[in-house]
Every structure is written in structure tokens, then in C-alpha cells.
Amino acid sequence: MRFAVTKTGAANQGCLSEGQAIFVVDPSSPLLASVGSPAAQAAALAVAAGSPETHAVVSHANGGTWLISQSGRGMLRAAYTYLEELGAKFLLPGSAWTILPTLSDLAVDVNVSRSPVVGSYQVFASGGYGPTTFFSTTQRCRRPGAAFADWTAAVGFPLEKVVETGHSHQRFYNDRKAALLADPLYFAQTDWTDKPGCDDSPGAPGSTACLCGPTGTLSTCQARPTFEKHSDVKLDMTHHGTVSCSQTGAVVSFVDRHGVKWCEDPTDYTSNDGVLGKFSDWAIDQIPQRRSAYPDLDYAFFNVDPTDSGRFKHDQSTKSLDLLRNGPYGLSTTDDASNGDKVFHLANHVAERVEQVYPGVGVGALSYNGHSQVPTIPLRHNVAVELVPGNQFGSTFTDWKGGWFQKHAASSSPFTLGYYEYLNLVSTRANLPTVPIDRFLGRITEWHQSSQVSFATLETTSGAMPAGPHLYAVSRMIWGATPSGSAAVDEFIDAAFGLAAPTMRSFFGLLYGPGRLDDLRLARFFGYLSQAYADLGLNPDPAIRQRLDHYTLYVEYLHRFWVLDHAVLEAGEGEVADNEFMAIIDHLYRIHDANLLQTWRSHRLLLGLLQGRNPARQWRVLRSKST
């Protein structure tokens, strides 16, 4: 829907229909002060005291409507709130899930002021994104498509500032590999294995015979070491440099295959001679590019989080202990530094360097997996920490979250705190039904009740369909548009399915309920859908029928998934026919444009299995992660 706006209030300017003017103003507008109603003026005061995306929609006495905000993004949110007051609903990505009522009178009696409970909400999800020919195995389309981007704008996931967390060390390794290989002092810090190899230049002086070159032919070339990196091991977060082994107090950190020793000063935590210096330089180099990717937003935090695995090196306990006893934080303890201490020491170090070059920019990292522990060291004010439930090791969710909140509250210059919730992952859930909705929304409610949380991330790489009600409910909870998450789910089902809503409520109860996917559960899915079609009667609403068609296609995906899963189970340790895999791949082609699933990544996963050895065995490994 397109409409014009006016800042003057002149007759017939910016009208949606005759007499229905929209007045778009900021809170300090002279127009608002002179002709605005008391309700509009009061709303303007609330907007002025709120965040950039705080907005108000207030009816005017002449039949028009005030849209009030102090930023462009807030004004966009106000426009969508106005549309919602007229009866518009944006349930999921795509035109089939957008409800725009046909109205002859656009007047509405409204006095609404809204501010987000969490200032920045980044959502990673996808359905039919990428070009139609995306099934090329060489194509790497990872950005959400226009339908999903339009939907997140419509429901109003706020984004006051960009906070990047996640996993960055692999990018650092790839970008700085040449520099890291150029000097052995980085070996122990990056966990490369030094092993014999050879140069690609034949006939080099003093060379020895070895196999080299892309064809593996025997030639004479310069002998040199080659290196193999174990990508699931973090770099040494506490190592800043190398010193002469003759220095008093030096400790050996690495012995190469030639017997050469490389030593470090166990009390050095502030120099930039080692790998953390390289990492800081890399971060500073990356920030201009990252900022340019968000030209209209405040780019606040650059990602410095380690890679996925929980493995950490523990061969320098003396160094780690010194981090607490004699390091830059002035702590005294007999405990060794935790992995959380090590990772957030890196974050502190890089954040200090970044702030010197880019004031106002910091770094972000996850409290996740092997480094989920609450660190004992203080955190700098320009560090952002994103808590990832389900990946906190060694403590309950309540204790872990409480520990982080306590640390945040006790900080004299608090760091920034956020949360990261998974809804679905292709690599482990394979587009199967997502997390139980009551448990998920209960945890979201807990996050929103804390004033300490200022940013959040939702990840559902399986696309909108398995997590549809979850996503819609969160979008309503952010703005307080519904009293609770369960009320938002009811709103979603009622608006989407009309007369079929009671049956679809049972469908979703089964979809998100306990139990494995089997033939009985699939039969019940199809039974509910068949009843839902019957509920619509002889003259069904075409839009509602299309939404039922979407869920029917999704259940057909689940059916094909189960057929393959059953075939693999029946095969024991043997193989299954390729056509069992191809049945799912063919279905992904069919549903690609419907924004149902993460079709690109699913296709890539399945095709990768077919191209590898023993795809059935790989499938069993994949499925073991989702049970």
C-alpha cells in the first residue's frame, strides 16, 4: 500500500481518501504545538523521551490521524501501526500471509504510543531467497530475500543499532593466513601443526626432491614446512607475544619440528606483538566495510567471537592463572582462568584498540558453548555480550542468566547485554517442527521483563513455516501489541485460518508437541489439514485456502523426510537408493518460491550427502543431532 503524507495539514494534501489526512510530524513540530489535540501533544512528549523507534498514532479532531516519531524508522513503524489499526495484518512473509482489508472509510479512533521492549532485534530467517536458479552448487546466497525483509519491516522488528556477534575467527584465519604462516611465533597461538612439505618452485638452490605442484609430479624444489590448522580449536586468547628464551622468567610455548624453541613472557597481557595484535589489526581493518553495509544505522559492535566448537587449549595453565593473579585486572585468586575469562580478555583487548581508532564502536561476543562461563574479569564498557540459552555449560539456565545479570548490574560502567534464541537449524533440525512454542515464548517473556537486555537475535535458518507462530508472536510482544505470547499465537491462528482456526489450533498443538516424527503423527497432520479444508465450506476464502495449501506442502516435506529416514533405518549400515534423497530435493524445487523453508541450505545439505561417501551413514549422523 502506498500513501502520501503532509507536514502542513493543508486541505486535500496527503489524503488517503477525501478528508482523511495523515499528519507526519516530529515531537517538536510547531504544527503539533499549534493545532494538535491534547492527546497528540501528550503522545509527543512520550515519543520525545523514548528511543528512535518510539512512535505514536493519534486521531485528530478533523478526522485525520497524527503519526508522531523522531526518526525515519520510527515513522515507518508508525505507518504500519496505523495500518494495523485499520485491520491490516502481516502474519508471515509473502502476499499469501498479508491481510489488507478493503475499506471505504479510513478514519480510525486511535490513541496508541509504542516503544520497543528491546531496542535492536536482528532476525535471521529465510525461505525462497536467492535467484530462481539458486540450486547451483557453486552459488552462495545467504541473505534473506525481499519477502522476508519486507515482512520484518512490516511487523516492526526494531534495529536502533547493529550488534554483530557469532563466529569470526575462521574469517580471521582465512584473511590473515599468509601473515600467520610467515612467522613461527604464531604457531602455538593458532594451533597449526608444523609438518614437512615442499615449495611449488622446482629447481630452487639447495633443494631436495619432493612431491609438489598441483599434479603431484616428482620434482626438485625448496623444502619448507606446511601447516595444518585444527579449525575447531581456538587461538590462545591470553597470548600477546614472544620473547627470547634467555629472558628471565620466559616459558617455552612452542617447539617446532626442527627443535627450535619459541618462548613467551607469562606476564605479558598488554603488548600487540602476538596473534592478538594481529587480530586487533584485522578487526580495525574490517570495521569500515562492516559500517558501510549499514549506512542508515548505528554500527555499534564488531564480532570477535570464536568458532563453534567447545574445545579450548589448556596447555598454558600458568599463563591463564597469571591472567587473574598478576594480569591487567588486578585480581588475586588461586583459580585458573576460565574459558570465559580468556575469550572476554580478547574482547577487552580488541575493544580498547578499536575505540582508539573508532570512538563509539565496540566488539561483540557470545556467552556460548565452551566459553559460556561468566568471566571473573571486568568487561569494558564497549563490549557486547549475547547470551545463548541451551549452550550454557555447567549450570542451569536460571543460574547462568542470573550470574550474567548480576555481573552487569555490578559493573561501574556496564557492558551491553543481549540474548540469542534458536528456533530451528537446517544442519541439526532439517526443517523439522521447531521448539515447543510455550517454552520458547515463556523464555522470551523472561528476557523482555529485564531492563538490562538491550538487543536480541532470533535465528531460524529453516525459514518461516516451522516457526511461523513463534516469529509472529515475538513481533507482537516486542511492541506490547498483545497482552502475552499465547494471545499473539491465538491472534495468528484466528487471522490466518478463519473458520478453520479451531482445527488448526489442534494441528499446531501436534506440530510443536512432544514425540518423534512417524507414520502415525504424519497421518494425524494430514487428518487435521483435511478437516481444516472441510471447515471452510463450499465457498472458501481463497487466501485462507492458500495458507492451508502452504502447510500441506510443508507436511508433504515432512512425509518425504520420514520416508527417507525410514529407508535409512531399514538399511541398517547399508546404503539407500539415490531417489530417496532426490524425492526431497524435487520437493524443494516445488516449494522454493512459497517462503516455506530454507530451501537453498537444505538442498545444499542433501546434495552434499549424495556427493559424499555413504550418504546414508552421514544422514544417520545428521539425524542423531536432532533427537
# chains A, B, ... in the order shown; residues from 1 in each chain; ligands from 1
$ residues_around --residues "Pro116 of chain A" --least-positions-apart "3" --cutoff "7 Å" --atoms "only C-alpha atoms" --output "ChimeraX atom specification"
/A:54,119,158,478-479
$ residues_around --residues "Arg505 of chain A" --least-positions-apart "4" --cutoff "12 Å" --atoms "only C-alpha atoms" --output "short mmCIF file (atom, residue, chain, number, x, y, z; two decimals) with all heavy atoms, in the first residue's frame"
data_model
loop_
_atom_site.label_atom_id
_atom_site.label_comp_id
_atom_site.auth_asym_id
_atom_site.auth_seq_id
_atom_site.Cartn_x
_atom_site.Cartn_y
_atom_site.Cartn_z
N PRO A 469 4.14 -19.21 13.91
CA PRO A 469 3.50 -18.57 15.06
C PRO A 469 4.52 -18.00 16.06
O PRO A 469 4.26 -16.98 16.69
CB PRO A 469 2.68 -19.70 15.69
CG PRO A 469 2.46 -20.67 14.58
CD PRO A 469 3.70 -20.61 13.74
N SER A 486 0.96 -16.12 24.21
CA SER A 486 -0.11 -17.05 23.85
C SER A 486 -1.25 -16.32 23.16
O SER A 486 -1.88 -16.85 22.23
CB SER A 486 -0.62 -17.78 25.09
OG SER A 486 -1.12 -16.86 26.05
N VAL A 489 -0.25 -15.85 19.57
CA VAL A 489 -0.40 -17.09 18.79
C VAL A 489 -1.86 -17.29 18.41
O VAL A 489 -2.18 -17.64 17.26
CB VAL A 489 0.12 -18.30 19.59
CG1 VAL A 489 -0.20 -19.60 18.87
CG2 VAL A 489 1.63 -18.18 19.79
N ASP A 490 -2.77 -17.06 19.35
CA ASP A 490 -4.20 -17.17 19.04
C ASP A 490 -4.59 -16.18 17.94
O ASP A 490 -5.37 -16.50 17.04
CB ASP A 490 -5.04 -16.91 20.30
CG ASP A 490 -4.99 -18.06 21.28
OD1 ASP A 490 -4.65 -19.19 20.85
OD2 ASP A 490 -5.27 -17.84 22.47
N GLU A 491 -4.04 -14.98 18.03
CA GLU A 491 -4.32 -13.96 17.01
C GLU A 491 -3.84 -14.43 15.64
O GLU A 491 -4.54 -14.25 14.63
CB GLU A 491 -3.62 -12.66 17.41
CG GLU A 491 -3.80 -11.50 16.45
CD GLU A 491 -3.01 -10.29 16.89
OE1 GLU A 491 -3.19 -9.85 18.05
OE2 GLU A 491 -2.21 -9.78 16.08
N PHE A 492 -2.67 -15.02 15.60
CA PHE A 492 -2.12 -15.53 14.34
C PHE A 492 -3.03 -16.60 13.74
O PHE A 492 -3.38 -16.55 12.56
CB PHE A 492 -0.72 -16.11 14.60
CG PHE A 492 -0.11 -16.83 13.43
CD1 PHE A 492 0.65 -16.14 12.49
CD2 PHE A 492 -0.28 -18.20 13.25
CE1 PHE A 492 1.21 -16.80 11.40
CE2 PHE A 492 0.27 -18.86 12.18
CZ PHE A 492 1.03 -18.16 11.25
N ILE A 493 -3.41 -17.58 14.54
CA ILE A 493 -4.21 -18.70 14.04
C ILE A 493 -5.60 -18.21 13.60
O ILE A 493 -6.10 -18.60 12.53
CB ILE A 493 -4.32 -19.80 15.10
CG1 ILE A 493 -2.93 -20.39 15.40
CG2 ILE A 493 -5.27 -20.90 14.65
CD1 ILE A 493 -2.90 -21.37 16.55
N ASP A 494 -6.24 -17.35 14.40
CA ASP A 494 -7.57 -16.86 14.05
C ASP A 494 -7.54 -16.05 12.76
O ASP A 494 -8.42 -16.21 11.89
CB ASP A 494 -8.13 -16.01 15.19
CG ASP A 494 -8.47 -16.83 16.42
OD1 ASP A 494 -8.66 -18.06 16.29
OD2 ASP A 494 -8.53 -16.25 17.53
N ALA A 495 -6.55 -15.16 12.63
CA ALA A 495 -6.48 -14.31 11.44
C ALA A 495 -6.12 -15.10 10.20
O ALA A 495 -6.62 -14.83 9.11
CB ALA A 495 -5.47 -13.19 11.66
N ALA A 496 -5.24 -16.10 10.35
CA ALA A 496 -4.76 -16.85 9.19
C ALA A 496 -5.78 -17.83 8.66
O ALA A 496 -5.87 -18.04 7.44
CB ALA A 496 -3.47 -17.58 9.54
N PHE A 497 -6.59 -18.44 9.55
CA PHE A 497 -7.37 -19.60 9.12
C PHE A 497 -8.89 -19.45 9.31
O PHE A 497 -9.63 -20.36 8.91
CB PHE A 497 -6.87 -20.84 9.85
CG PHE A 497 -5.42 -21.11 9.60
CD1 PHE A 497 -4.48 -20.92 10.61
CD2 PHE A 497 -4.97 -21.50 8.36
CE1 PHE A 497 -3.13 -21.15 10.38
CE2 PHE A 497 -3.62 -21.73 8.11
CZ PHE A 497 -2.70 -21.56 9.13
N GLY A 498 -9.36 -18.37 9.87
CA GLY A 498 -10.78 -18.12 9.91
C GLY A 498 -11.59 -19.26 10.48
O GLY A 498 -11.37 -19.71 11.61
N LEU A 499 -12.53 -19.78 9.69
CA LEU A 499 -13.41 -20.87 10.16
C LEU A 499 -12.62 -22.13 10.50
O LEU A 499 -13.12 -22.97 11.27
CB LEU A 499 -14.45 -21.18 9.08
CG LEU A 499 -15.49 -20.08 8.79
CD1 LEU A 499 -16.35 -20.48 7.59
CD2 LEU A 499 -16.34 -19.82 10.03
N ALA A 500 -11.43 -22.28 9.92
CA ALA A 500 -10.62 -23.48 10.19
C ALA A 500 -9.71 -23.31 11.40
O ALA A 500 -8.92 -24.21 11.71
CB ALA A 500 -9.79 -23.82 8.95
N ALA A 501 -9.81 -22.17 12.10
CA ALA A 501 -8.89 -21.90 13.21
C ALA A 501 -8.95 -22.95 14.31
O ALA A 501 -7.89 -23.38 14.80
CB ALA A 501 -9.16 -20.50 13.78
N GLY A 509 -0.83 -27.72 17.92
CA GLY A 509 -0.54 -28.43 19.16
C GLY A 509 0.21 -29.71 18.91
O GLY A 509 1.12 -30.08 19.66
N LEU A 510 -0.13 -30.41 17.83
CA LEU A 510 0.58 -31.63 17.46
C LEU A 510 1.95 -31.31 16.86
O LEU A 510 2.94 -31.99 17.15
CB LEU A 510 -0.25 -32.43 16.45
CG LEU A 510 0.37 -33.72 15.89
CD1 LEU A 510 0.60 -34.73 17.01
CD2 LEU A 510 -0.52 -34.32 14.81
N LEU A 511 2.00 -30.24 16.05
CA LEU A 511 3.25 -29.88 15.37
C LEU A 511 4.35 -29.56 16.37
O LEU A 511 5.51 -29.96 16.19
CB LEU A 511 3.00 -28.68 14.45
CG LEU A 511 4.15 -28.25 13.55
CD1 LEU A 511 4.48 -29.32 12.52
CD2 LEU A 511 3.82 -26.93 12.86
N TYR A 512 4.01 -28.86 17.43
CA TYR A 512 5.01 -28.43 18.40
C TYR A 512 5.00 -29.27 19.68
O TYR A 512 5.66 -28.93 20.65
CB TYR A 512 4.81 -26.95 18.74
CG TYR A 512 4.86 -26.05 17.54
CD1 TYR A 512 3.87 -25.12 17.30
CD2 TYR A 512 5.90 -26.16 16.62
CE1 TYR A 512 3.91 -24.30 16.17
CE2 TYR A 512 5.95 -25.37 15.49
CZ TYR A 512 4.96 -24.44 15.27
OH TYR A 512 5.02 -23.64 14.16
N GLY A 513 4.23 -30.33 19.67
CA GLY A 513 4.16 -31.19 20.84
C GLY A 513 5.30 -32.20 20.88
O GLY A 513 6.11 -32.29 19.96
N PHE A 525 -1.38 -35.27 11.07
CA PHE A 525 -1.19 -33.98 10.39
C PHE A 525 -2.13 -33.86 9.20
O PHE A 525 -2.85 -32.87 9.04
CB PHE A 525 0.25 -33.83 9.91
CG PHE A 525 1.24 -33.49 10.99
CD1 PHE A 525 2.53 -34.03 10.96
CD2 PHE A 525 0.93 -32.64 12.02
CE1 PHE A 525 3.45 -33.71 11.93
CE2 PHE A 525 1.84 -32.31 13.00
CZ PHE A 525 3.11 -32.86 12.96
N TYR A 528 -5.83 -33.49 10.23
CA TYR A 528 -6.20 -32.13 10.64
C TYR A 528 -6.34 -31.20 9.44
O TYR A 528 -7.26 -30.38 9.38
CB TYR A 528 -5.15 -31.57 11.61
CG TYR A 528 -5.26 -32.10 13.02
CD1 TYR A 528 -4.13 -32.55 13.70
CD2 TYR A 528 -6.48 -32.12 13.69
CE1 TYR A 528 -4.21 -33.03 15.00
CE2 TYR A 528 -6.58 -32.59 14.99
CZ TYR A 528 -5.44 -33.05 15.65
OH TYR A 528 -5.54 -33.52 16.94
N LEU A 529 -5.41 -31.30 8.49
CA LEU A 529 -5.48 -30.43 7.31
C LEU A 529 -6.72 -30.73 6.49
O LEU A 529 -7.39 -29.81 5.98
CB LEU A 529 -4.21 -30.59 6.46
CG LEU A 529 -2.94 -30.00 7.09
CD1 LEU A 529 -1.71 -30.45 6.32
CD2 LEU A 529 -3.01 -28.47 7.12
N GLN A 531 -9.54 -31.85 7.60
CA GLN A 531 -10.68 -31.29 8.33
C GLN A 531 -10.71 -29.77 8.19
O GLN A 531 -11.79 -29.17 8.08
CB GLN A 531 -10.59 -31.68 9.80
CG GLN A 531 -11.73 -31.14 10.66
CD GLN A 531 -13.08 -31.64 10.18
OE1 GLN A 531 -13.28 -32.84 9.99
NE2 GLN A 531 -14.03 -30.72 9.99
N ALA A 532 -9.53 -29.15 8.18
CA ALA A 532 -9.47 -27.68 8.05
C ALA A 532 -10.05 -27.24 6.71
O ALA A 532 -10.79 -26.24 6.63
CB ALA A 532 -8.03 -27.20 8.20
#
$ residues_around --residues "segment 345-359 of chain A" --least-positions-apart "3" --cutoff "8 Å" --atoms "only C-alpha atoms" --output "PDB file with N, CA and C atoms, in the first residue's frame"
ATOM      1  N   MET A 237      43.754 -17.157  23.697  1.00  0.00           N
ATOM      2  CA  MET A 237      43.212 -15.836  23.988  1.00  0.00           C
ATOM      3  C   MET A 237      44.121 -15.010  24.898  1.00  0.00           C
ATOM      4  N   THR A 238      45.086 -15.637  25.595  1.00  0.00           N
ATOM      5  CA  THR A 238      45.887 -14.902  26.571  1.00  0.00           C
ATOM      6  C   THR A 238      47.305 -14.654  26.095  1.00  0.00           C
ATOM      7  N   THR A 270      49.474  -7.112  27.573  1.00  0.00           N
ATOM      8  CA  THR A 270      49.087  -5.824  27.002  1.00  0.00           C
ATOM      9  C   THR A 270      49.787  -5.486  25.695  1.00  0.00           C
ATOM     10  N   LEU A 276      47.096 -11.770  19.123  1.00  0.00           N
ATOM     11  CA  LEU A 276      46.010 -10.858  19.453  1.00  0.00           C
ATOM     12  C   LEU A 276      46.234  -9.480  18.856  1.00  0.00           C
ATOM     13  N   PHE A 279      45.012  -9.938  15.448  1.00  0.00           N
ATOM     14  CA  PHE A 279      43.551  -9.982  15.467  1.00  0.00           C
ATOM     15  C   PHE A 279      42.974  -8.574  15.611  1.00  0.00           C
ATOM     16  N   SER A 280      43.563  -7.765  16.481  1.00  0.00           N
ATOM     17  CA  SER A 280      43.097  -6.392  16.666  1.00  0.00           C
ATOM     18  C   SER A 280      43.265  -5.585  15.387  1.00  0.00           C
ATOM     19  N   ALA A 283      40.554  -6.584  12.986  1.00  0.00           N
ATOM     20  CA  ALA A 283      39.258  -6.010  13.350  1.00  0.00           C
ATOM     21  C   ALA A 283      39.168  -4.552  12.921  1.00  0.00           C
ATOM     22  N   ILE A 284      40.209  -3.799  13.182  1.00  0.00           N
ATOM     23  CA  ILE A 284      40.224  -2.382  12.806  1.00  0.00           C
ATOM     24  C   ILE A 284      40.121  -2.218  11.292  1.00  0.00           C
ATOM     25  N   VAL A 304      33.857 -10.510  17.492  1.00  0.00           N
ATOM     26  CA  VAL A 304      35.158 -11.127  17.782  1.00  0.00           C
ATOM     27  C   VAL A 304      34.996 -12.501  18.427  1.00  0.00           C
ATOM     28  N   ASP A 341      36.918 -16.226  30.839  1.00  0.00           N
ATOM     29  CA  ASP A 341      37.934 -15.204  31.103  1.00  0.00           C
ATOM     30  C   ASP A 341      38.816 -14.986  29.878  1.00  0.00           C
ATOM     31  N   LYS A 342      39.220 -16.070  29.244  1.00  0.00           N
ATOM     32  CA  LYS A 342      40.137 -15.960  28.102  1.00  0.00           C
ATOM     33  C   LYS A 342      39.478 -15.242  26.925  1.00  0.00           C
ATOM     34  N   GLY A 362      32.448  -0.753  19.487  1.00  0.00           N
ATOM     35  CA  GLY A 362      32.995  -1.763  20.379  1.00  0.00           C
ATOM     36  C   GLY A 362      33.047  -3.113  19.702  1.00  0.00           C
ATOM     37  N   VAL A 363      33.103  -4.175  20.509  1.00  0.00           N
ATOM     38  CA  VAL A 363      33.155  -5.530  19.966  1.00  0.00           C
ATOM     39  C   VAL A 363      32.101  -6.384  20.659  1.00  0.00           C
ATOM     40  N   GLY A 364      31.635  -7.412  19.953  1.00  0.00           N
ATOM     41  CA  GLY A 364      30.626  -8.302  20.494  1.00  0.00           C
ATOM     42  C   GLY A 364      31.076  -9.745  20.497  1.00  0.00           C
ATOM     43  N   ALA A 365      30.613 -10.515  21.473  1.00  0.00           N
ATOM     44  CA  ALA A 365      30.913 -11.946  21.563  1.00  0.00           C
ATOM     45  C   ALA A 365      29.758 -12.646  22.264  1.00  0.00           C
ATOM     46  N   ILE A 377      36.831 -11.617  35.235  1.00  0.00           N
ATOM     47  CA  ILE A 377      37.453 -10.332  34.928  1.00  0.00           C
ATOM     48  C   ILE A 377      36.374  -9.306  34.591  1.00  0.00           C
ATOM     49  N   LEU A 379      34.516  -6.399  32.384  1.00  0.00           N
ATOM     50  CA  LEU A 379      34.382  -6.187  30.951  1.00  0.00           C
ATOM     51  C   LEU A 379      34.323  -4.693  30.650  1.00  0.00           C
ATOM     52  N   ARG A 380      34.949  -4.306  29.550  1.00  0.00           N
ATOM     53  CA  ARG A 380      34.942  -2.901  29.138  1.00  0.00           C
ATOM     54  C   ARG A 380      33.532  -2.449  28.763  1.00  0.00           C
ATOM     55  N   ASN A 382      32.588  -0.938  26.170  1.00  0.00           N
ATOM     56  CA  ASN A 382      32.252  -1.107  24.748  1.00  0.00           C
ATOM     57  C   ASN A 382      32.374  -2.567  24.304  1.00  0.00           C
ATOM     58  N   VAL A 383      32.014  -3.478  25.204  1.00  0.00           N
ATOM     59  CA  VAL A 383      31.896  -4.902  24.887  1.00  0.00           C
ATOM     60  C   VAL A 383      30.415  -5.277  24.983  1.00  0.00           C
TER      61      VAL A 383
END
$ residues_around --residues "Arg77 of chain A" --least-positions-apart "5" --cutoff "8 Å" --atoms "only C-alpha atoms" --output "PyMOL selection string"
chain A and resi 53+55+153-154+156
$ write_last_selection --atoms "N, CA, C and O atoms" --output "compact mmCIF listing (two decimals), in the first residue's frame"
# COMPACT_ATOMS: atom_id res chain seq x y z
N GLU A 53 12.88 4.59 17.74
CA GLU A 53 11.77 3.92 17.08
C GLU A 53 10.46 4.02 17.87
O GLU A 53 9.44 3.47 17.47
N HIS A 55 7.05 5.63 18.78
CA HIS A 55 6.14 6.35 17.90
C HIS A 55 4.76 6.41 18.51
O HIS A 55 4.46 5.69 19.48
N ALA A 153 10.16 -5.58 8.25
CA ALA A 153 9.87 -4.15 8.34
C ALA A 153 8.42 -3.91 8.72
O ALA A 153 8.10 -3.02 9.52
N ALA A 154 7.51 -4.73 8.18
CA ALA A 154 6.09 -4.53 8.43
C ALA A 154 5.72 -4.82 9.88
O ALA A 154 4.95 -4.07 10.49
N GLY A 156 7.80 -4.78 12.35
CA GLY A 156 8.49 -3.82 13.20
C GLY A 156 9.55 -4.36 14.10
O GLY A 156 9.71 -3.87 15.23
$ atom_distance --atom1 "atom CA of Thr307 of chain A" --atom2 "atom CA of Val453 of chain A"
24.1 Å
$ atom_distance --atom1 "atom CA of Pro288 of chain A" --atom2 "atom CA of Gln170 of chain A"
19.4 Å
$ closest_residue --among "A:Phe507, A:Gly537, A:Ser59, A:Trp447" --to "Ala523 of chain A" --atoms "only C-alpha atoms"
A:Phe507
$ residues_around --residues "Ala39 of chain A" --least-positions-apart "6" --cutoff "10 Å" --atoms "only C-alpha atoms" --output "list of chain:residue names"
A:Val58, A:Ser59, A:His60, A:Asn111, A:Val112
$ write_last_selection --atoms "N, CA, C and O atoms" --output "PDB file, in the first residue's frame"
ATOM      1  N   VAL A  58      -2.268   8.925  16.708  1.00  0.00           N
ATOM      2  CA  VAL A  58      -3.336   9.575  17.470  1.00  0.00           C
ATOM      3  C   VAL A  58      -4.343  10.204  16.513  1.00  0.00           C
ATOM      4  O   VAL A  58      -3.962  10.923  15.578  1.00  0.00           O
ATOM      5  N   SER A  59      -5.618   9.931  16.742  1.00  0.00           N
ATOM      6  CA  SER A  59      -6.670  10.515  15.917  1.00  0.00           C
ATOM      7  C   SER A  59      -6.720  12.030  16.102  1.00  0.00           C
ATOM      8  O   SER A  59      -6.469  12.560  17.192  1.00  0.00           O
ATOM      9  N   HIS A  60      -7.060  12.746  15.004  1.00  0.00           N
ATOM     10  CA  HIS A  60      -7.213  14.180  15.026  1.00  0.00           C
ATOM     11  C   HIS A  60      -8.700  14.514  14.966  1.00  0.00           C
ATOM     12  O   HIS A  60      -9.492  13.771  14.382  1.00  0.00           O
ATOM     13  N   ASN A 111      -5.460   6.093  19.843  1.00  0.00           N
ATOM     14  CA  ASN A 111      -4.513   6.858  20.641  1.00  0.00           C
ATOM     15  C   ASN A 111      -3.504   5.856  21.187  1.00  0.00           C
ATOM     16  O   ASN A 111      -3.660   5.336  22.293  1.00  0.00           O
ATOM     17  N   VAL A 112      -2.487   5.553  20.391  1.00  0.00           N
ATOM     18  CA  VAL A 112      -1.527   4.495  20.711  1.00  0.00           C
ATOM     19  C   VAL A 112      -0.119   5.083  20.736  1.00  0.00           C
ATOM     20  O   VAL A 112       0.292   5.780  19.794  1.00  0.00           O
TER      21      VAL A 112
END
